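Trainee: One structure, pasted below without further comment.
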Amino acid sequence: MSSAPANAADGGEEATRAVLVGVDIGGDPSFDATLDELALLAASAGDTVVARVIARRKAPDPALFIGSGKADEIKALVAATAAHGVIFDQPLSPSQQRNLERHMGVAVADRTSLILDIFAARAQSHEGKLQVELARLQYMATRLVGRWSHLERQRGGIGTRGGPGEAQIELDKRMIGERIKSVKERLEKVKRQRGTQRKARERRGTFRISLLGYTNAGKSTLFNNLVKARAYAADQLFATLDTTTRALWLGEAQSSVSLSDTVGFIRDLPHKLVEAFEATLQEAADADLLLHVIDASSPLLAEQQAEVDRVLEEIGAAQVPQLLVYNKCDLLEDSLQPREPVDSIEVHPGVRRQRVFVSARTGQGLVALRAAIGDVVLAHLNAAPHAPLVTLPDGSMAQAWPPASEAAPLT
């Protein structure tokens with residue numbers, strides 16, 4: 001949301017009070033009727049949720065997305081709760097956002113802009129800041145038409161920027177376009193540097209592992225426990241955005257591997273954000289093994305796992321072998337505790353993956369996890385050079401032999 005209003009009483013800033021709105025379009029099975037995830041996103045952005053509204057429509061209203069009747073209802077709720085803004089769980093078109101703001105008299109944001117705000121606040125590295133800036137610029141470029149009254153002014157004449165009669169909106173478009181081009185060039189340089197680093201690791205024969213998963217699944221806490229690092233970890237969405245890589249010694253394999261902690265995924269992650277984070281996500285696509293961290297205590301476990309797999313498909317990492325790490329097992333009831341620390345599960349017809357049950361917070365299952373990783377690395381070290389890993393019918397992994405062209409499909 002927009003910046004919070006100043007609190008005159010103490011001279012500080014008070015949290016932005018927000019009304020959340022979710023719209024079920026045509027009975028979407030992925031619709032979050034609780035708006036819990038949107039509330040977590042709002043909290044991560046520093047907003048205070050004062051009300052939640054659910055609407056159902058067969059199709060979005062072209063002008064207001066929710067229709068005038070529901071817009072009036074939300075406007076009254078905004079007044080009753082003294083809310084500073086409204087956040088929609090679905091993406092809004094520029095015209096819908098503009099019309100809603102005029103109708104309600106407060107700022108209106110959608111899920112995409114909220115995620116972009118969080119990423120902008122959390123990015124720490126030079127690369128991360130560039131990636132977020134690119135995504136925000138690309139998002140802004142689609143919202144210039146009629147967005148601000150100053151864009152309707154015409155500028156022209158001797159000594160002014162732009163050609164005669166050139167609209168301010170054209171100047172803004174050009175400025176954003178030039179900035180996007182500049183940021184892309186700088187990101188391309190970062191991408192080349194990452195490529196050089198990856199080639200150096202390949203020459204050293206380093207086995208590469210990437211931690212990934214749905215946001216707030218506990219990746220950074222697990223990363224810290226495995227490599228004794230101090231990466232920032234918190235019980236919030238997108239606590240960390242920048243990729244961190246450390247060496248992990250595996251006594252089981254008497255070998256050191258490279259372990260990277262990557263950005264978390266989330267439902268409806270803006271496509272432009274996925275594009276912008278291509279350089280970072282390339283760590284996952286180039287890995288020899290993915291540790292897919294899953295929140296075992298989440299009621300939406302299956303949906304979150306499917307969303308991660310969807311993004312992996314989008315970035316070209318669907319074929320990289322995965323070890324499923326079910327984290328936060330300490331939050332499960334006794335009746336739901338796993339019978340064995342390691343087993344396998346069918347993720348697609350005829351395709352099984354090995355899974356390990358852990359609690360990164362308490363240390364439960366970490367010995368079994370290190371052993372499972374060690375088994376995979378041993379298979380890599382003992383097999384023929386350059387042979388890729390494949391998943392066996394029981395969910396365990398081994399390297400392909402004979403060569404990959406004759407081996408079982410990767411999973």
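Identifiers for the structure tokens are assigned positionally: chains receive A, B, ... in sequence, residues are indexed from 1 per chain, and ligands are indexed from 1 in the order shown.
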Residues within 10 Å of Ala141 (chain A), please, as number ranges by chain. Count only C-alpha atoms; anything in the same chain fewer than 2 positions from it doesn't count.

Mentor: A: 135-139, 143-145, 172-177, 180

Trainee: Here is a test: counting only C-alpha atoms, which residue of A:Asp72, A:Glu252, A:Asp343, A:Glu283 is nearest to Asp375 (chain A)?

Mentor: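 Of the candidates, the smallest distance to Asp375 (chain A) is held by A:Glu252.
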
Trainee: Give me the residues near Ala120 (chain A) as a ChimeraX atom specification, where near means some atom within 12 Å (using only C-alpha atoms) and where sequence neighbours in that chain fewer than 2 positions away do not count.

Mentor: /A:44-45,113-118,122-137,238-242,273

Trainee: Name the closest residue to Val325 (chain A) among the candidates A:Leu378, A:Val183, A:Ala43, A:Ala368; distances are taken between atoms, counting only C-alpha atoms.

Mentor: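 Closest to Val325 (chain A), using only C-alpha atoms: A:Ala368.
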
Trainee: Set the distance at 12 Å and use only C-alpha atoms: which residues neighbour Leu323 (chain A) once local chain neighbours fewer than 6 positions away are removed? I'd like the list as a ChimeraX atom specification.

Mentor: /A:209-213,288-294,342-345,347,352-357,369-376,389-391,395-397,411

Trainee: Find the distance between CA of Ala306 (chain A) and CA of Phe265 (chain A) and write it in Å to one decimal.

Mentor: 10.8 Å

Trainee: Determine, counting only C-alpha atoms, which protein, DNA and RNA residues have an atom within 12 Å of an atom of Leu312 (chain A); residues of the same chain fewer than 3 positions away are not included. Present the result as an MDAnalysis selection string.

Mentor: chainID A and resid 212:214 264:265 274 278 281:287 290 292 305:309 315:322 411

Trainee: As an exercise, work out the distance from CA of Glu340 (chain A) to CA of Leu366 (chain A) in Å and give it to one decimal place.

Mentor: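 If I compute the distance from CA of Glu340 (chain A) to CA of Leu366 (chain A), I get 13.2 Å.
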
Trainee: Using only C-alpha atoms, pick whichever of A:Ala379, A:Leu92, A:Ala42, A:Leu324 has the shortest atom-to-atom distance to Ala63 (chain A).

Mentor: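 Distance minimum relative to Ala63 (chain A) lands on A:Leu92.
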
Trainee: If you run DSSP over the backbone, which residues in region 194-365 of chain A end up strand (DSSP E)? Put them as an MDAnalysis selection string.

Mentor: chainID A and resid 208:213 244:250 255:261 289:295 322:327 342:348 351:357

Trainee: Produce a file of the selected residues containing C-alpha atoms, as a PDB file, in the first residue's frame.

Mentor:
ATOM      1  CA  ARG A 208      25.219 -27.959  -6.553  1.00  0.00           C
ATOM      2  CA  ILE A 209      22.108 -28.051  -4.344  1.00  0.00           C
ATOM      3  CA  SER A 210      19.387 -25.395  -4.245  1.00  0.00           C
ATOM      4  CA  LEU A 211      16.859 -24.908  -1.451  1.00  0.00           C
ATOM      5  CA  LEU A 212      13.495 -23.757  -2.728  1.00  0.00           C
ATOM      6  CA  GLY A 213       9.853 -23.872  -1.769  1.00  0.00           C
ATOM      7  CA  THR A 244      22.935 -17.024  -0.409  1.00  0.00           C
ATOM      8  CA  THR A 245      25.408 -19.815  -1.232  1.00  0.00           C
ATOM      9  CA  ARG A 246      27.577 -21.678   1.271  1.00  0.00           C
ATOM     10  CA  ALA A 247      29.660 -24.845   1.310  1.00  0.00           C
ATOM     11  CA  LEU A 248      28.060 -27.828   3.077  1.00  0.00           C
ATOM     12  CA  TRP A 249      30.310 -30.630   4.304  1.00  0.00           C
ATOM     13  CA  LEU A 250      28.717 -34.087   4.162  1.00  0.00           C
ATOM     14  CA  SER A 255      32.580 -34.434   0.258  1.00  0.00           C
ATOM     15  CA  SER A 256      31.693 -30.741   0.249  1.00  0.00           C
ATOM     16  CA  VAL A 257      28.748 -29.490  -1.811  1.00  0.00           C
ATOM     17  CA  SER A 258      27.426 -26.052  -2.725  1.00  0.00           C
ATOM     18  CA  LEU A 259      24.101 -25.167  -1.028  1.00  0.00           C
ATOM     19  CA  SER A 260      22.063 -22.128  -2.164  1.00  0.00           C
ATOM     20  CA  ASP A 261      19.054 -20.574  -0.429  1.00  0.00           C
ATOM     21  CA  LEU A 289      19.606 -31.457  -6.797  1.00  0.00           C
ATOM     22  CA  LEU A 290      16.671 -29.415  -5.476  1.00  0.00           C
ATOM     23  CA  LEU A 291      15.667 -29.558  -1.824  1.00  0.00           C
ATOM     24  CA  HIS A 292      11.973 -28.721  -2.150  1.00  0.00           C
ATOM     25  CA  VAL A 293      11.020 -27.451   1.330  1.00  0.00           C
ATOM     26  CA  ILE A 294       7.333 -27.918   2.178  1.00  0.00           C
ATOM     27  CA  ASP A 295       5.438 -26.641   5.218  1.00  0.00           C
ATOM     28  CA  GLN A 322      14.053 -33.199  -6.178  1.00  0.00           C
ATOM     29  CA  LEU A 323      14.283 -34.353  -2.591  1.00  0.00           C
ATOM     30  CA  LEU A 324      11.086 -33.363  -0.752  1.00  0.00           C
ATOM     31  CA  VAL A 325      11.766 -31.901   2.708  1.00  0.00           C
ATOM     32  CA  TYR A 326       8.629 -31.757   4.865  1.00  0.00           C
ATOM     33  CA  ASN A 327       9.500 -29.061   7.410  1.00  0.00           C
ATOM     34  CA  VAL A 342      12.296 -40.976   5.355  1.00  0.00           C
ATOM     35  CA  ASP A 343       9.909 -42.497   2.809  1.00  0.00           C
ATOM     36  CA  SER A 344       8.746 -41.850  -0.765  1.00  0.00           C
ATOM     37  CA  ILE A 345       5.533 -40.519  -2.276  1.00  0.00           C
ATOM     38  CA  GLU A 346       3.960 -40.680  -5.725  1.00  0.00           C
ATOM     39  CA  VAL A 347       3.825 -37.134  -7.121  1.00  0.00           C
ATOM     40  CA  HIS A 348       2.666 -38.085 -10.608  1.00  0.00           C
ATOM     41  CA  VAL A 351       6.701 -41.019 -10.563  1.00  0.00           C
ATOM     42  CA  ARG A 352       7.848 -41.176  -6.934  1.00  0.00           C
ATOM     43  CA  ARG A 353      10.037 -38.806  -4.961  1.00  0.00           C
ATOM     44  CA  GLN A 354      11.862 -39.416  -1.733  1.00  0.00           C
ATOM     45  CA  ARG A 355      10.766 -37.260   1.188  1.00  0.00           C
ATOM     46  CA  VAL A 356      12.337 -36.486   4.554  1.00  0.00           C
ATOM     47  CA  PHE A 357      10.425 -35.186   7.591  1.00  0.00           C
TER      48      PHE A 357
END

Trainee: Just how far from CA of Gln90 (chain A) is CA of Thr112 (chain A), in Å to one decimal?

Mentor: 7.9 Å

Trainee: Got a sec: who's within 10 Å of Arg57 (chain A), counting only C-alpha atoms, leaving out chain neighbours fewer than 6 positions off, as a ChimeraX atom specification?

Mentor: /A:23-27,65-67
